[in-house]
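Shown next: run29.pdb, containing PDB, C-alpha atoms.
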ATOM      1  CA  MET A   1      29.844 -34.192  -1.688
ATOM      2  CA  ARG A   2      29.798 -35.496   1.839
ATOM      3  CA  VAL A   3      27.472 -38.319   2.825
ATOM      4  CA  MET A   4      26.677 -39.683   6.255
ATOM      5  CA  MET A   5      26.202 -43.443   6.402
ATOM      6  CA  ILE A   6      24.049 -43.983   9.497
ATOM      7  CA  VAL A   7      24.076 -47.415  11.140
ATOM      8  CA  LYS A   8      20.694 -48.171  12.670
ATOM      9  CA  ALA A   9      20.657 -49.680  16.149
ATOM     10  CA  THR A  10      19.745 -53.298  16.788
ATOM     11  CA  GLU A  11      18.569 -55.132  19.878
ATOM     12  CA  GLU A  12      22.168 -56.289  20.355
ATOM     13  CA  SER A  13      23.703 -52.819  20.069
ATOM     14  CA  GLU A  14      21.084 -51.398  22.448
ATOM     15  CA  ALA A  15      21.900 -54.219  24.900
ATOM     16  CA  GLY A  16      25.551 -53.130  24.814
ATOM     17  CA  VAL A  17      26.768 -56.249  22.995
ATOM     18  CA  LEU A  18      30.202 -55.469  21.575
ATOM     19  CA  PRO A  19      31.353 -56.785  18.207
ATOM     20  CA  THR A  20      33.548 -59.862  18.088
ATOM     21  CA  ARG A  21      37.258 -59.681  17.416
ATOM     22  CA  GLU A  22      36.602 -60.896  13.847
ATOM     23  CA  GLU A  23      33.927 -58.236  13.291
ATOM     24  CA  VAL A  24      36.274 -55.517  14.562
ATOM     25  CA  ALA A  25      39.018 -56.748  12.203
ATOM     26  CA  ASP A  26      36.590 -56.817   9.252
ATOM     27  CA  MET A  27      35.456 -53.277  10.062
ATOM     28  CA  GLN A  28      39.044 -52.087  10.386
ATOM     29  CA  ARG A  29      39.826 -53.435   6.894
ATOM     30  CA  TYR A  30      36.744 -51.661   5.533
ATOM     31  CA  ASN A  31      37.706 -48.378   7.207
ATOM     32  CA  GLU A  32      41.255 -48.717   5.877
ATOM     33  CA  ALA A  33      39.874 -49.166   2.334
ATOM     34  CA  LEU A  34      37.772 -46.013   2.750
ATOM     35  CA  ALA A  35      40.813 -44.118   4.060
ATOM     36  CA  LYS A  36      43.093 -45.397   1.279
ATOM     37  CA  ALA A  37      40.522 -44.224  -1.294
ATOM     38  CA  GLY A  38      40.517 -40.775   0.339
ATOM     39  CA  ALA A  39      36.810 -41.090   1.174
ATOM     40  CA  LEU A  40      36.848 -41.466   4.974
ATOM     41  CA  LEU A  41      36.239 -38.261   6.930
ATOM     42  CA  ALA A  42      34.893 -39.702  10.202
ATOM     43  CA  ALA A  43      33.653 -42.981  11.637
ATOM     44  CA  ASP A  44      32.498 -43.971  15.087
ATOM     45  CA  GLY A  45      30.297 -46.409  16.921
ATOM     46  CA  LEU A  46      27.945 -45.096  19.572
ATOM     47  CA  TRP A  47      27.079 -46.348  23.036
ATOM     48  CA  ALA A  48      23.578 -47.687  23.626
ATOM     49  CA  SER A  49      20.798 -45.141  24.122
ATOM     50  CA  SER A  50      20.691 -46.086  27.829
ATOM     51  CA  GLU A  51      23.903 -44.028  28.103
ATOM     52  CA  GLY A  52      22.401 -41.097  26.209
ATOM     53  CA  ALA A  53      19.824 -38.368  26.511
ATOM     54  CA  ARG A  54      17.530 -36.316  24.302
ATOM     55  CA  VAL A  55      16.919 -32.629  24.556
ATOM     56  CA  VAL A  56      13.405 -31.834  23.353
ATOM     57  CA  PHE A  57      12.463 -28.253  22.536
ATOM     58  CA  ALA A  58       8.846 -27.148  22.862
ATOM     59  CA  GLY A  59       7.694 -23.565  22.964
ATOM     60  CA  GLY A  60      11.321 -22.449  22.942
ATOM     61  CA  LYS A  61      12.118 -24.359  26.129
ATOM     62  CA  PRO A  62      14.395 -27.391  26.361
ATOM     63  CA  SER A  63      13.649 -30.468  28.438
ATOM     64  CA  VAL A  64      16.030 -33.382  28.921
ATOM     65  CA  ILE A  65      14.899 -36.996  28.601
ATOM     66  CA  ASN A  66      17.391 -39.643  29.646
ATOM     67  CA  GLY A  67      17.683 -42.927  27.741
ATOM     68  CA  PRO A  68      17.133 -45.700  27.047
ATOM     69  CA  PHE A  69      14.740 -45.126  24.180
ATOM     70  CA  ASP A  70      12.232 -47.632  22.822
ATOM     71  CA  GLU A  71      12.304 -47.172  19.043
ATOM     72  CA  ILE A  72      15.355 -49.365  18.376
ATOM     73  CA  GLY A  73      15.051 -49.345  14.570
ATOM     74  CA  GLU A  74      15.114 -45.541  14.560
ATOM     75  CA  LEU A  75      18.134 -45.129  16.832
ATOM     76  CA  ILE A  76      21.688 -44.656  15.602
ATOM     77  CA  ALA A  77      24.393 -47.135  16.601
ATOM     78  CA  GLY A  78      27.230 -45.626  14.570
ATOM     79  CA  TYR A  79      28.128 -43.640  11.486
ATOM     80  CA  TRP A  80      30.634 -42.811   8.802
ATOM     81  CA  VAL A  81      31.061 -39.488   7.068
ATOM     82  CA  ILE A  82      32.532 -40.013   3.617
ATOM     83  CA  ARG A  83      33.488 -37.748   0.729
ATOM     84  CA  VAL A  84      32.307 -39.097  -2.614
ATOM     85  CA  ASP A  85      31.561 -37.845  -6.122
ATOM     86  CA  SER A  86      27.961 -39.084  -6.198
ATOM     87  CA  MET A  87      25.239 -40.850  -4.265
ATOM     88  CA  ASP A  88      25.903 -43.860  -6.515
ATOM     89  CA  GLN A  89      29.454 -43.972  -5.186
ATOM     90  CA  ALA A  90      28.128 -43.686  -1.611
ATOM     91  CA  ARG A  91      25.745 -46.588  -2.268
ATOM     92  CA  GLU A  92      28.657 -48.644  -3.586
ATOM     93  CA  TRP A  93      30.685 -48.006  -0.433
ATOM     94  CA  ALA A  94      27.678 -48.848   1.726
ATOM     95  CA  THR A  95      27.164 -52.205   0.002
ATOM     96  CA  ARG A  96      30.726 -53.149   0.981
ATOM     97  CA  ILE A  97      30.179 -52.692   4.739
ATOM     98  CA  PRO A  98      30.997 -56.070   6.337
ATOM     99  CA  PHE A  99      27.671 -56.522   8.124
ATOM    100  CA  ARG A 100      25.781 -59.808   8.283
ATOM    101  CA  GLU A 101      22.589 -58.064   9.452
ATOM    102  CA  GLY A 102      21.531 -54.456   9.807
ATOM    103  CA  VAL A 103      20.404 -51.280   8.123
ATOM    104  CA  VAL A 104      22.534 -48.349   6.973
ATOM    105  CA  GLU A 105      20.856 -45.125   5.874
ATOM    106  CA  LEU A 106      22.657 -42.758   3.493
ATOM    107  CA  ARG A 107      22.079 -39.025   3.836
ATOM    108  CA  ARG A 108      23.753 -36.227   1.920
ATOM    109  CA  ILE A 109      25.206 -33.488   4.115
ATOM    110  CA  PHE A 110      24.373 -29.879   3.287
ATOM    111  CA  GLU A 111      27.225 -27.749   2.007
ATOM    112  CA  PRO A 112      27.172 -23.930   2.058
ATOM    113  CA  ALA A 113      26.954 -23.963  -1.756
ATOM    114  CA  ASP A 114      23.598 -25.788  -1.483
ATOM    115  CA  PHE A 115      21.918 -22.653  -0.129
ATOM    116  CA  PRO A 116      20.839 -19.741  -2.328
ATOM    117  CA  SER A 117      22.848 -16.563  -1.739
ATOM    118  CA  ASP A 118      19.815 -14.732  -0.329
ATOM    119  CA  VAL A 119      19.687 -17.337   2.457
ATOM    120  CA  LEU A 120      23.445 -17.785   2.959
ATOM    121  CA  PRO A 121      25.381 -14.872   1.433
ATOM    122  CA  PRO A 122      28.911 -15.643   0.174
ATOM    123  CA  GLU A 123      30.591 -13.934   3.139
ATOM    124  CA  GLU A 124      28.523 -16.052   5.563
ATOM    125  CA  ALA A 125      29.285 -19.200   3.535
ATOM    126  CA  ALA A 126      32.991 -18.385   3.875
ATOM    127  CA  ARG A 127      32.568 -18.071   7.659
ATOM    128  CA  VAL A 128      30.831 -21.470   7.744
ATOM    129  CA  GLU A 129      33.708 -23.050   5.817
ATOM    130  CA  ALA A 130      36.311 -21.372   8.046
ATOM    131  CA  LEU A 131      34.573 -22.690  11.155
ATOM    132  CA  ARG A 132      34.478 -26.216   9.663
ATOM    133  CA  GLU A 133      38.193 -26.024   8.858
ATOM    134  CA  GLU A 134      38.968 -24.883  12.383
ATOM    135  CA  ALA A 135      36.918 -27.748  13.838
ATOM    136  CA  ARG A 136      38.606 -30.282  11.554
ATOM    137  CA  GLY A 137      42.016 -29.016  12.650
ATOM    138  CA  ARG A 138      41.142 -29.502  16.318
ATOM    139  CA  SER A 139      39.638 -32.941  15.757
ATOM    140  CA  GLY A 140      42.457 -34.286  13.602
ATOM    141  CA  LEU A 141      39.951 -35.154  10.862
ATOM    142  CA  VAL A 142      40.660 -34.565   7.207
TER     143      VAL A 142
END
Mind turning this structure into structure tokens?
Amino acid sequence: MRVMMIVKATEESEAGVLPTREEVADMQRYNEALAKAGALLAADGLWASSEGARVVFAGGKPSVINGPFDEIGELIAGYWVIRVDSMDQAREWATRIPFREGVVELRRIFEPADFPSDVLPPEEAARVEALREEARGRSGLV
């Protein structure tokens, strides 16, 4: 299963405060451990919401709202996508993140096999997987 570990934003991350050299080194060691275990699929930090935008759909029409956004505890500051055998294993990895403060939310990612065949027939599921493989090849991700 794939799990997204979502790092919630903080006042510091929303202010654009970058991690220290020591924090970057600690995070690099953590990411290397994930990679060595074959669990790491993707990992990135995100710019503050002041650099972002939201597209809100209402009545079938999109409208764009530029950041920054107020609800700091609900914003995302970064993420990992990991491949694990269970949510327990994902929780274990999450407890090893070298944070002093913060919140990380764990969310399982849907796989084509999670959908009943009347919703996602096998031939459509195969197309979904093929598209994912193509995207992974372009991105250099595993």
* Translate the PyMOL selection byres ((chain A and resi 1) around 12), as applied to the file shown, into an explicit residue set as an MDAnalysis selection string. => chainID A and resid 2:4 39 41 81:90 107:114
* Using the chain letters and residue numbers of this document, give as a ChimeraX atom specification the residues selected by the PyMOL selection byres ((chain A and resi 126-139) around 12). => /A:41-42,110-113,115,117,120-125,140-142
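Going from atom CA of A:Glu74 over to atom CA of A:Leu46, you cover 13.8 Å.
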Using the file's own x, y and z axes, what box holds all listed atoms of stretch 16-21 of chain A with 5 Å on each side, keeping edges along x, y and z, and what are its centre and edge lengths in Å to one decimal, as lines of an AutoDock Vina configuration file?
center_x = 31.4
center_y = -56.5
center_z = 21.1
size_x = 21.7
size_y = 16.7
size_z = 17.4
* To do: Could you list the residues chosen by the PyMOL selection byres ((chain A and resi 104) around 9) in this structure as a list in words?
  =>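 Selected by the PyMOL selection byres ((chain A and resi 104) around 9) in this file: Met5, Ile6, Val7, Lys8, Tyr79, Ala94, Gly102, Val103, Glu105 and Leu106 of chain A.
Separating atom CA of A:Gly60 from atom CA of A:Pro116 is a distance of 27.1 Å.
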* **Non-local contacts of A:Ser13 (8 Å; only C-alpha atoms; under 4 positions in same chain excluded) as a ChimeraX atom specification** => /A:9,17-18,47-48,77
* Separation of atom CA of A:Ser49 and atom CA of A:Trp80, in Å? ->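 That distance, rounded to one decimal, is 18.4 Å.
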* To do: Excluding A:Glu22 and any residue of its chain fewer than 6 positions from it, enumerate the residues within 12 Å of it, using all atoms listed in the file, and give them as a VMD selection string.
  => chain A and resid 28 to 29 98 to 99
